[in-house]
$ cat work.txt   # compact mmCIF, C-alpha atoms
# COMPACT_ATOMS: atom_id res chain seq x y z
CA MET P 1 0.25 26.45 -16.00
CA THR P 2 -0.53 22.74 -15.75
CA ASN P 3 2.25 22.01 -18.23
CA ASN P 4 4.59 24.02 -16.07
CA LEU P 5 3.56 22.01 -13.02
CA GLU P 6 4.24 18.79 -14.90
CA VAL P 7 7.75 20.05 -15.66
CA LEU P 8 8.27 21.11 -12.05
CA LEU P 9 7.20 17.67 -10.82
CA ALA P 10 9.61 15.96 -13.20
CA ASN P 11 12.39 18.29 -12.03
CA LEU P 12 11.53 17.41 -8.45
CA GLY P 13 11.91 13.70 -9.17
CA ARG P 14 15.29 14.23 -10.80
CA ALA P 15 16.43 16.33 -7.84
CA PHE P 16 15.61 13.72 -5.19
CA ASP P 17 18.66 12.87 -3.21
CA VAL P 18 17.87 9.17 -3.16
CA ASP P 19 20.91 7.03 -2.59
CA ASP P 20 20.50 3.92 -4.71
CA ARG P 21 23.97 2.59 -4.03
CA GLY P 22 24.15 -0.83 -2.43
CA ILE P 23 20.46 -1.70 -2.78
CA VAL P 24 21.09 -4.82 -4.84
CA GLU P 25 23.75 -5.98 -2.40
CA SER P 26 21.57 -5.28 0.66
CA ILE P 27 18.67 -7.19 -0.83
CA GLY P 28 20.98 -10.08 -1.70
CA ALA P 29 22.27 -10.20 1.86
CA ARG P 30 18.72 -10.18 3.24
CA LEU P 31 17.68 -12.98 0.92
CA ASP P 32 20.71 -15.00 2.02
CA ARG P 33 19.78 -14.49 5.65
CA SER P 34 16.14 -15.33 5.14
CA SER P 35 16.92 -18.52 3.24
CA SER P 36 19.05 -19.70 6.15
CA THR P 37 16.31 -18.90 8.63
CA ASN P 38 13.73 -21.61 8.86
CA ARG P 39 10.10 -20.77 8.29
CA ARG P 40 9.23 -21.50 11.88
CA SER P 41 11.41 -18.77 13.33
CA MET P 42 10.16 -16.35 10.66
CA ARG P 43 6.58 -17.10 11.63
CA ARG P 44 7.53 -16.47 15.24
CA LEU P 45 8.91 -13.04 14.35
CA LEU P 46 5.71 -12.15 12.52
CA GLN P 47 3.66 -13.29 15.49
CA ILE P 48 5.68 -11.02 17.77
CA ALA P 49 5.15 -8.08 15.40
CA ALA P 50 1.41 -8.82 15.22
CA ALA P 51 1.27 -9.13 18.99
CA ALA P 52 2.72 -5.63 19.35
CA VAL P 53 -0.20 -4.24 17.31
CA LEU P 54 -2.61 -6.48 19.19
CA ILE P 55 -1.50 -5.22 22.59
CA PHE P 56 -2.45 -1.68 21.65
CA ALA P 57 -5.81 -2.79 20.25
CA LEU P 58 -6.55 -4.97 23.29
CA VAL P 59 -5.80 -2.22 25.77
CA ALA P 60 -8.10 0.13 23.92
CA VAL P 61 -11.05 -2.14 23.18
CA PHE P 62 -11.28 -3.66 26.63
CA GLN P 63 -12.54 -0.29 27.83
CA PRO P 64 -16.16 -0.13 26.55
CA ASP P 65 -16.16 3.64 26.17
CA THR P 66 -13.29 3.51 23.76
CA ARG P 67 -14.75 0.88 21.41
CA ARG P 68 -16.22 3.37 19.02
CA ALA P 69 -13.02 5.38 19.09
CA VAL P 70 -11.04 2.32 18.11
CA ALA P 71 -13.36 1.59 15.21
CA ASN P 72 -12.86 5.16 14.07
CA TRP P 73 -9.14 4.88 14.55
CA PHE P 74 -9.19 1.97 12.17
CA GLY P 75 -11.10 4.15 9.78
CA LEU P 76 -14.08 1.95 8.93
CA SER P 77 -17.36 3.39 10.09
CA GLN P 78 -19.43 0.37 9.04
CA VAL P 79 -17.53 -2.21 11.06
CA ARG P 80 -17.51 -2.56 14.81
CA ILE P 81 -14.57 -4.44 16.23
CA GLU P 82 -14.80 -6.07 19.63
CA ARG P 83 -12.48 -8.29 21.59
CA ASP P 84 -13.53 -11.31 23.60
CA ALA P 85 -10.60 -13.04 25.27
CA ASP P 86 -12.78 -16.10 25.96
CA LEU P 87 -13.87 -16.53 22.36
CA ASP P 88 -13.18 -20.11 21.34
CA LEU P 89 -14.29 -20.82 17.79
CA LEU P 90 -14.07 -24.20 16.13
CA GLY P 91 -11.75 -23.68 13.18
CA ALA P 92 -12.17 -21.67 10.01
CA PRO P 93 -15.31 -21.93 7.90
CA VAL P 94 -15.42 -25.00 5.69
CA SER P 95 -17.81 -23.37 3.27
CA PHE P 96 -18.97 -19.91 2.35
CA GLU P 97 -22.64 -20.49 2.95
CA LEU P 98 -24.53 -17.52 4.36
CA PRO P 99 -21.97 -15.03 3.15
CA GLY P 100 -23.89 -12.05 4.41
CA PRO P 101 -25.73 -9.09 2.91
CA GLY P 102 -24.84 -7.42 -0.33
CA GLU P 103 -23.42 -9.04 -3.42
CA SER P 104 -21.07 -11.98 -2.95
CA GLU P 105 -19.27 -14.43 -5.15
CA VAL P 106 -16.86 -17.25 -4.50
CA ILE P 107 -13.86 -17.18 -6.78
CA GLU P 108 -10.76 -19.31 -7.06
CA VAL P 109 -7.42 -17.51 -6.82
CA ASN P 110 -4.25 -19.60 -7.04
CA GLY P 111 -6.17 -22.67 -5.92
CA ARG P 112 -7.81 -20.96 -2.94
CA GLN P 113 -11.49 -20.28 -2.51
CA ILE P 114 -12.01 -16.57 -1.94
CA LEU P 115 -15.27 -14.97 -0.90
CA ALA P 116 -15.56 -11.50 -2.43
CA SER P 117 -18.40 -9.33 -1.15
CA THR P 118 -19.69 -5.84 -1.77
CA ILE P 119 -21.92 -4.70 1.07
CA TYR P 120 -24.15 -1.65 0.95
CA GLY P 121 -24.94 -0.57 4.45
CA GLN P 122 -25.95 2.12 6.85
CA ILE P 123 -23.09 3.73 8.66
CA GLY P 124 -22.31 2.10 11.99
CA ARG P 125 -24.89 -0.68 11.67
CA THR P 126 -23.63 -3.10 9.13
CA MET P 127 -21.23 -5.50 10.69
CA GLN P 128 -19.72 -6.51 13.99
CA LYS P 129 -16.62 -8.64 14.29
CA THR P 130 -15.60 -10.34 17.49
CA LEU P 131 -11.97 -11.29 17.74
CA GLY P 132 -10.35 -13.69 20.16
CA SER P 133 -6.93 -13.15 21.65
CA SER P 134 -5.19 -15.07 18.85
CA THR P 135 -6.62 -12.98 16.05
CA SER P 136 -4.65 -9.96 14.91
CA ILE P 137 -5.90 -6.81 13.25
CA ILE P 138 -3.92 -4.14 11.48
CA GLU P 139 -4.78 -1.10 9.43
CA VAL P 140 -3.82 -1.25 5.76
CA ASP P 141 -4.16 0.84 2.63
CA VAL P 142 -6.26 -0.61 -0.18
CA ASP P 143 -5.93 1.36 -3.37
CA GLY P 144 -5.87 4.63 -1.45
CA HIS P 145 -8.70 3.66 0.88
CA GLN P 146 -8.36 2.73 4.52
CA GLY P 147 -8.84 -0.90 5.29
CA LEU P 148 -8.38 -3.62 7.86
CA TRP P 149 -6.61 -6.96 7.69
CA ILE P 150 -7.86 -9.49 10.20
CA SER P 151 -5.82 -12.66 10.36
CA GLY P 152 -4.71 -15.52 12.55
CA ALA P 153 -7.32 -17.44 14.50
CA PRO P 154 -10.86 -17.37 13.07
CA HIS P 155 -13.18 -14.64 14.20
CA GLU P 156 -16.92 -14.26 14.52
CA VAL P 157 -18.92 -12.07 12.18
CA MET P 158 -22.37 -10.76 12.88
CA TYR P 159 -24.44 -8.83 10.37
CA GLU P 160 -27.24 -6.53 11.37
CA THR P 161 -30.33 -5.55 9.47
CA SER P 162 -31.18 -1.88 9.13
CA ASP P 163 -33.35 -2.08 12.26
CA GLY P 164 -30.50 -3.47 14.32
CA GLN P 165 -31.57 -7.12 14.37
CA VAL P 166 -28.96 -9.84 14.06
CA ALA P 167 -29.36 -11.36 10.63
CA ILE P 168 -26.44 -13.70 10.19
CA GLU P 169 -23.74 -15.00 12.42
CA ARG P 170 -20.80 -17.02 11.14
CA VAL P 171 -17.16 -17.89 11.64
CA ALA P 172 -14.71 -16.23 9.27
CA GLY P 173 -11.06 -16.74 8.34
CA ASN P 174 -8.50 -14.17 7.22
CA THR P 175 -10.35 -11.14 5.91
CA LEU P 176 -9.45 -7.90 4.15
CA LEU P 177 -12.01 -5.11 4.50
CA TRP P 178 -12.07 -1.66 3.02
CA GLU P 179 -14.65 1.01 2.75
CA VAL P 180 -15.47 3.48 -0.01
CA GLY P 181 -18.20 5.87 1.05
CA ASN P 182 -21.14 3.79 2.22
CA VAL P 183 -19.92 0.65 0.50
CA LEU P 184 -17.89 -1.98 2.31
CA TYR P 185 -15.69 -4.34 0.31
CA ARG P 186 -14.63 -7.64 1.79
CA LEU P 187 -12.29 -10.43 0.71
CA GLU P 188 -12.12 -13.58 2.79
CA GLY P 189 -9.79 -16.53 2.37
CA PHE P 190 -6.37 -15.20 1.41
CA GLU P 191 -3.47 -16.62 3.36
CA SER P 192 -1.30 -13.52 3.19
CA LEU P 193 -1.97 -9.80 3.30
CA GLU P 194 0.22 -9.24 0.23
CA ASP P 195 -1.89 -11.59 -1.88
CA ALA P 196 -5.13 -10.05 -0.61
CA LEU P 197 -3.91 -6.53 -1.35
CA GLU P 198 -2.71 -7.47 -4.79
CA PHE P 199 -6.07 -9.02 -5.63
CA ALA P 200 -7.95 -6.11 -4.07
CA GLY P 201 -5.96 -3.70 -6.23
CA THR P 202 -6.94 -5.59 -9.36
CA ARG P 203 -10.55 -5.73 -8.25
CA ALA P 204 -10.56 -2.06 -7.31
CA SER P 205 -9.93 -1.10 -10.93
CA GLY P 206 -13.45 -2.18 -11.69
CA ALA P 207 -15.24 -1.78 -8.40
CA VAL P 208 -13.65 1.21 -6.73
CA SER P 209 -12.60 3.46 -9.55
CA ASP P 210 -13.51 7.10 -9.55
CA MET A 1 26.81 -3.06 -13.58
CA GLY A 2 25.15 -6.37 -14.44
CA SER A 3 26.93 -8.98 -16.55
CA PRO A 4 26.70 -8.54 -20.36
CA ASP A 5 24.73 -11.79 -20.54
CA LEU A 6 22.07 -10.53 -18.14
CA ALA A 7 21.99 -7.07 -19.66
CA GLU A 8 20.80 -8.60 -22.93
CA CYS A 9 17.85 -10.37 -21.29
CA ASP A 10 14.44 -8.69 -21.21
CA ASP A 11 12.54 -8.48 -17.93
CA LEU A 12 10.45 -11.58 -18.61
CA ALA A 13 13.56 -13.65 -19.26
CA LEU A 14 15.16 -12.32 -16.08
CA LEU A 15 12.01 -13.15 -14.11
CA ALA A 16 12.02 -16.70 -15.50
CA ARG A 17 15.64 -17.12 -14.43
CA ALA A 18 15.00 -15.54 -11.03
CA ARG A 19 12.21 -18.07 -10.46
CA THR A 20 14.83 -20.81 -10.72
CA ASP A 21 16.73 -19.12 -7.88
CA ASP A 22 19.13 -17.34 -10.22
CA ARG A 23 20.12 -14.56 -7.80
CA PRO A 24 22.17 -12.49 -10.29
CA ALA A 25 19.14 -12.40 -12.62
CA PHE A 26 16.98 -11.03 -9.80
CA GLY A 27 19.73 -8.54 -8.96
CA GLU A 28 19.64 -7.30 -12.56
CA LEU A 29 15.87 -6.80 -12.31
CA VAL A 30 16.35 -4.77 -9.12
CA ARG A 31 19.15 -2.74 -10.70
CA ARG A 32 17.01 -1.87 -13.73
CA HIS A 33 14.02 -0.64 -11.80
CA GLN A 34 15.34 0.54 -8.45
CA HIS A 35 15.49 4.18 -9.50
CA SER A 36 11.82 4.38 -10.49
CA ALA A 37 10.97 2.36 -7.38
CA LEU A 38 12.83 4.84 -5.16
CA ARG A 39 11.03 7.82 -6.71
CA VAL A 40 7.61 6.19 -6.29
CA ALA A 41 8.40 5.24 -2.69
CA ALA A 42 9.79 8.71 -1.91
CA VAL A 43 6.72 10.56 -3.17
CA ILE A 44 4.24 8.27 -1.47
CA SER A 45 6.10 8.02 1.84
CA GLY A 46 7.30 11.62 1.82
CA SER A 47 10.81 10.61 2.73
CA THR A 48 13.83 9.95 0.56
CA GLU A 49 15.49 8.33 3.58
CA GLU A 50 12.68 5.87 4.20
CA ALA A 51 12.25 5.21 0.48
CA LYS A 52 15.38 3.07 0.48
CA ASP A 53 14.07 0.82 3.28
CA ILE A 54 10.66 0.59 1.65
CA VAL A 55 12.18 -0.40 -1.69
CA GLN A 56 14.40 -3.03 -0.09
CA ASP A 57 11.46 -4.52 1.81
CA ALA A 58 9.37 -4.52 -1.33
CA PHE A 59 11.99 -6.25 -3.45
CA VAL A 60 12.59 -8.90 -0.77
CA ASN A 61 8.83 -9.50 -0.82
CA ILE A 62 8.82 -9.61 -4.61
CA HIS A 63 11.52 -12.27 -4.52
CA ARG A 64 9.36 -14.37 -2.21
CA LYS A 65 6.39 -14.21 -4.56
CA LEU A 66 7.95 -14.34 -7.99
CA ASP A 67 5.50 -17.08 -8.92
CA SER A 68 2.53 -14.79 -8.35
CA TYR A 69 3.28 -12.66 -11.43
CA ARG A 70 0.45 -13.57 -13.80
CA GLY A 71 1.69 -11.83 -16.93
CA THR A 72 -1.24 -9.44 -17.16
CA GLY A 73 1.01 -6.36 -17.29
CA SER A 74 4.71 -5.67 -17.57
CA VAL A 75 7.12 -7.09 -15.00
CA ARG A 76 8.23 -3.54 -14.21
CA SER A 77 4.67 -2.38 -13.47
CA TRP A 78 4.02 -5.43 -11.33
CA MET A 79 7.14 -4.75 -9.26
CA LEU A 80 6.39 -1.04 -8.94
CA ARG A 81 2.88 -1.89 -7.78
CA VAL A 82 4.33 -3.94 -4.94
CA VAL A 83 6.64 -1.03 -4.10
CA ALA A 84 3.74 1.44 -4.15
CA ASN A 85 1.66 -0.82 -1.88
CA HIS A 86 4.55 -1.15 0.55
CA ALA A 87 4.99 2.62 0.58
CA LYS A 88 1.27 3.20 1.17
CA ASN A 89 1.14 0.72 4.02
CA HIS A 90 4.26 2.28 5.45
CA VAL A 91 2.54 5.67 5.46
CA ARG A 92 -0.57 4.26 7.09
CA SER A 93 1.19 2.27 9.76
CA ARG A 94 4.17 4.37 10.76
CA ILE A 95 3.82 8.02 9.94
CA ARG A 96 0.10 8.66 9.80
CA ARG A 97 0.32 10.72 12.97
CA LEU A 98 2.51 13.28 11.31
CA ARG A 99 0.96 16.02 9.28
CA ARG A 100 1.47 15.41 5.58
CA GLU A 101 3.33 18.68 5.31
CA ASP A 102 5.80 17.43 7.90
CA GLN A 103 6.14 14.10 6.13
CA HIS A 104 7.36 15.81 3.01
CA ALA A 105 9.96 17.68 4.99
CA GLY A 106 11.72 14.33 4.56
CA LEU A 107 12.16 14.78 0.82
CA PHE A 108 15.79 15.70 0.56
CA LEU A 109 17.06 17.31 -2.61
CA ARG A 110 20.48 17.01 -4.15
CA GLU A 111 22.86 19.91 -3.69
CA GLU A 112 23.78 21.41 -7.06
CA ASP A 113 26.24 24.09 -8.07
CA ASP A 114 25.12 27.32 -6.53
CA THR A 115 24.36 29.17 -9.74
CA GLU A 116 21.39 31.49 -9.93
CA THR A 117 19.48 29.03 -12.15
CA THR A 118 19.89 26.08 -9.83
CA THR A 119 19.00 28.22 -6.82
CA VAL A 120 15.71 29.14 -8.49
CA GLN A 121 15.13 25.50 -9.43
CA ARG A 122 15.88 24.42 -5.92
CA MET A 123 13.37 26.90 -4.49
CA GLU A 124 10.79 25.65 -6.98
CA ASN A 125 11.52 22.06 -6.01
CA VAL A 126 11.07 22.84 -2.32
CA THR A 127 7.78 24.64 -3.04
CA VAL A 128 6.50 21.78 -5.21
CA ALA A 129 7.51 19.23 -2.55
CA LYS A 130 5.63 21.19 0.10
CA ALA A 131 2.56 21.53 -2.11
CA LEU A 132 2.69 17.84 -3.00
CA GLY A 133 2.89 17.00 0.69
CA ARG A 134 -0.43 18.68 1.35
CA LEU A 135 -2.28 16.51 -1.16
CA PRO A 136 -4.04 13.32 -0.08
CA LEU A 137 -2.22 10.03 -0.66
CA HIS A 138 -4.66 9.26 -3.47
CA ASP A 139 -3.41 12.31 -5.42
CA ARG A 140 0.25 12.01 -4.45
CA GLU A 141 0.55 8.50 -5.78
CA VAL A 142 -0.83 9.29 -9.22
CA LEU A 143 1.31 12.44 -9.61
CA GLY A 144 4.29 10.55 -8.21
CA CYS A 145 3.95 7.78 -10.74
CA ARG A 146 3.15 9.99 -13.74
CA TYR A 147 5.62 12.83 -13.32
CA VAL A 148 8.13 12.14 -10.56
CA ALA A 149 8.83 8.54 -11.55
CA GLU A 150 7.98 9.45 -15.16
CA LEU A 151 5.76 6.44 -15.85
CA SER A 152 3.36 6.40 -18.79
CA GLU A 153 -0.41 6.50 -18.23
CA ALA A 154 -0.59 2.79 -19.02
CA GLU A 155 2.21 1.95 -16.57
CA THR A 156 0.63 4.12 -13.89
CA ALA A 157 -2.68 2.33 -14.42
CA GLU A 158 -0.94 -1.02 -13.93
CA VAL A 159 0.99 0.14 -10.88
CA LEU A 160 -2.08 1.61 -9.18
CA ALA A 161 -4.36 -1.18 -10.45
CA VAL A 162 -6.88 1.22 -11.92
CA ALA A 163 -8.18 1.86 -15.42
CA ILE A 164 -6.32 4.29 -17.71
CA GLY A 165 -9.39 6.53 -17.67
CA THR A 166 -9.15 6.66 -13.90
CA VAL A 167 -5.49 7.67 -14.15
CA LYS A 168 -6.46 10.51 -16.51
CA SER A 169 -9.26 11.80 -14.28
CA ARG A 170 -7.24 11.45 -11.08
CA THR A 171 -4.25 13.18 -12.67
CA SER A 172 -6.37 16.08 -13.86
CA ARG A 173 -7.96 16.57 -10.44
CA ALA A 174 -4.65 16.12 -8.61
CA LEU A 175 -2.92 18.70 -10.83
CA ALA A 176 -5.71 21.19 -10.15
CA LYS A 177 -5.32 20.66 -6.40
CA LEU A 178 -1.54 20.89 -6.69
CA GLN A 179 -1.91 24.17 -8.57
CA THR A 180 -3.91 25.61 -5.68
CA GLU A 181 -1.45 24.34 -3.09
CA PHE A 182 1.52 25.51 -5.16
CA GLU A 183 0.16 29.04 -5.40
CA ARG A 184 -0.59 29.03 -1.68
CA ALA A 185 2.94 27.82 -0.91
CA GLU A 186 4.49 30.38 -3.29
CA SER A 187 2.58 33.21 -1.68
CA LYS A 188 4.15 32.26 1.66
CA GLU A 189 7.72 32.04 0.32
CA PRO A 190 9.97 35.02 1.01
CA LYS A 191 10.52 37.03 -2.18
$ encode --input "work.txt" --output "C-alpha cells"
Amino acid sequence: MTNNLEVLLANLGRAFDVDDRGIVESIGARLDRSSSTNRRSMRRLLQIAAAAVLIFALVAVFQPDTRRAVANWFGLSQVRIERDADLDLLGAPVSFELPGPGESEVIEVNGRQILASTIYGQIGRTMQKTLGSSTSIIEVDVDGHQGLWISGAPHEVMYETSDGQVAIERVAGNTLLWEVGNVLYRLEGFESLEDALEFAGTRASGAVSD
Amino acid sequence: MGSPDLAECDDLALLARARTDDRPAFGELVRRHQHSALRVAAVISGSTEEAKDIVQDAFVNIHRKLDSYRGTGSVRSWMLRVVANHAKNHVRSRIRRLRREDQHAGLFLREEDDTETTTVQRMENVTVAKALGRLPLHDREVLGCRYVAELSEAETAEVLAVAIGTVKSRTSRALAKLQTEFERAESKEPK
C-alpha cells in the first residue's frame, strides 16, 4: 500500500496546476527594481515591516496578564519575552564571555563570530529576554521547529538557575532561538535571518535530527 | 527557452557566471529548477497560488546571496533549500491560523479530459491532497520533496539539511501517517 501511496503522491505533484510562466521575467524585473533602489530605502521598508510585527507584540506584552500567552504564541516555552520601552543598552556585546548555561562554542562563519549554544532547561524557567522598543521579534521555522528571530537593537538576556535565581545577565545581539523538546538551541551574531536559518539548518542535521 | 550557450553550461558554471552579474545565466538557473521549486513550495505552503510568490521571493533572495553557496551540496539542492525555508516561514507567518486541512484546499489541480480514468485519478489526487494537508509540516516537507517534487533521498537530505538516515526514518513515519489519513479521507468520500 505504501508503494501505491508513493505513486499517488507523484501523480499529485504532476497534477498541480502551478503556473510557471513568466517567473524568470518577474524575477528579472524585481532584480532590476531592487538594484535601482538604494540600500537605505530598502532598509527603511524592512524596518516598516518589522514595526508592523512589533506593534502587535508591544500591544500584547504591555499587559502583564498576557505575557505568558505571548510567549506561548511564539511557541517557545523556555523563553520569556518582555518589553521595556525605557531599556537603553550600550551597544552589542564585544565578546561572548559568560555565554550562559548549557554547551556553547564560538565559531567563525563568513568572517563573523557566532555563539552557538545548546541549553538544557526546565520548562518556563530557563531564560528571560528583555527587548527595547528598537528590537524586533518574529516567529520563524527552523528545520520544522518553531523558533524566534530577535534582531535590531541589542537586547538583555537573563538566565535563571533551576531554583529561579538570576545566574547571568548580559547584552546580546541578533539571536535565533529554537526549541526541540526540553532543549533550547541558540545562535547569536548573524546579521541576517536568512544566514542564521541556513546555518541552523546545517547544524540541525547533527543536533536536531530524529 | 534559454540560449544554446547557456543550455550547455552545468549549474556550477551558471552560478559562477551569475555571480558576475550575468543575469541571463541566473535566469537559466531559475528556468531549470523552477518546476521542482514550485512543487516543493506548493506542498509546504498548501497553495499552488502562493507557491509562485514564494518561489519568486526565494529566487530574488538567492540572487542576493549567490556568494553564500559553499559547494557542500549541489546548486539545485541549495536553491531548493532556500525555497523550502521561504515556504516554511510563509506558513508560520501568514497562514498558521488556518487549519492545515483548509490550507490544502489551496492546492489546485489541472483539469484533464473527462475520461473515467482521469476522473478516478482526480478523485485520488484530491483525497491525497486532503490527507497530506492533515500531516504536520515536518512530514509534509519530506513527502513533498521525495515524491511530489521527485527528489532523491540525497537531494531531500540536502534540501532539508538533515542526514539521509533522517530522511529515511521521517519518510517511513510520514507515509504511515499519510496512510491513516488517506484511509480516513477515503472513508468520508461519497462512493
$ interface_residues --input "work.txt" --of "chain P" --to "chain A" --cutoff "9 Å" --atoms "all atoms listed in the file" --output "ChimeraX atom specification"
/P:1-2,5-20,23-28,30-31,110,138-146,194-195,197-198,200-206,208-210
$ atom_distance --input "work.txt" --atom1 "atom CA of P:Tyr120" --atom2 "atom CA of P:Ile107"
20.2 Å
$ closest_residue --input "work.txt" --among "P:Ile119, P:Leu131, P:Ile114, P:Val171" --to "P:Glu191" --atoms "all atoms listed in the file"
P:Ile114
$ atom_distance --input "work.txt" --atom1 "atom CA of A:Gly46" --atom2 "atom CA of A:Ala174"
16.5 Å
$ closest_residue --input "work.txt" --among "A:Ser152, A:Glu181, A:Val142, A:Gly73" --to "A:Asp11" --atoms "all atoms listed in the file"
A:Gly73
$ atom_distance --input "work.txt" --atom1 "atom CA of A:Asp67" --atom2 "atom CA of A:Arg19"
7.0 Å
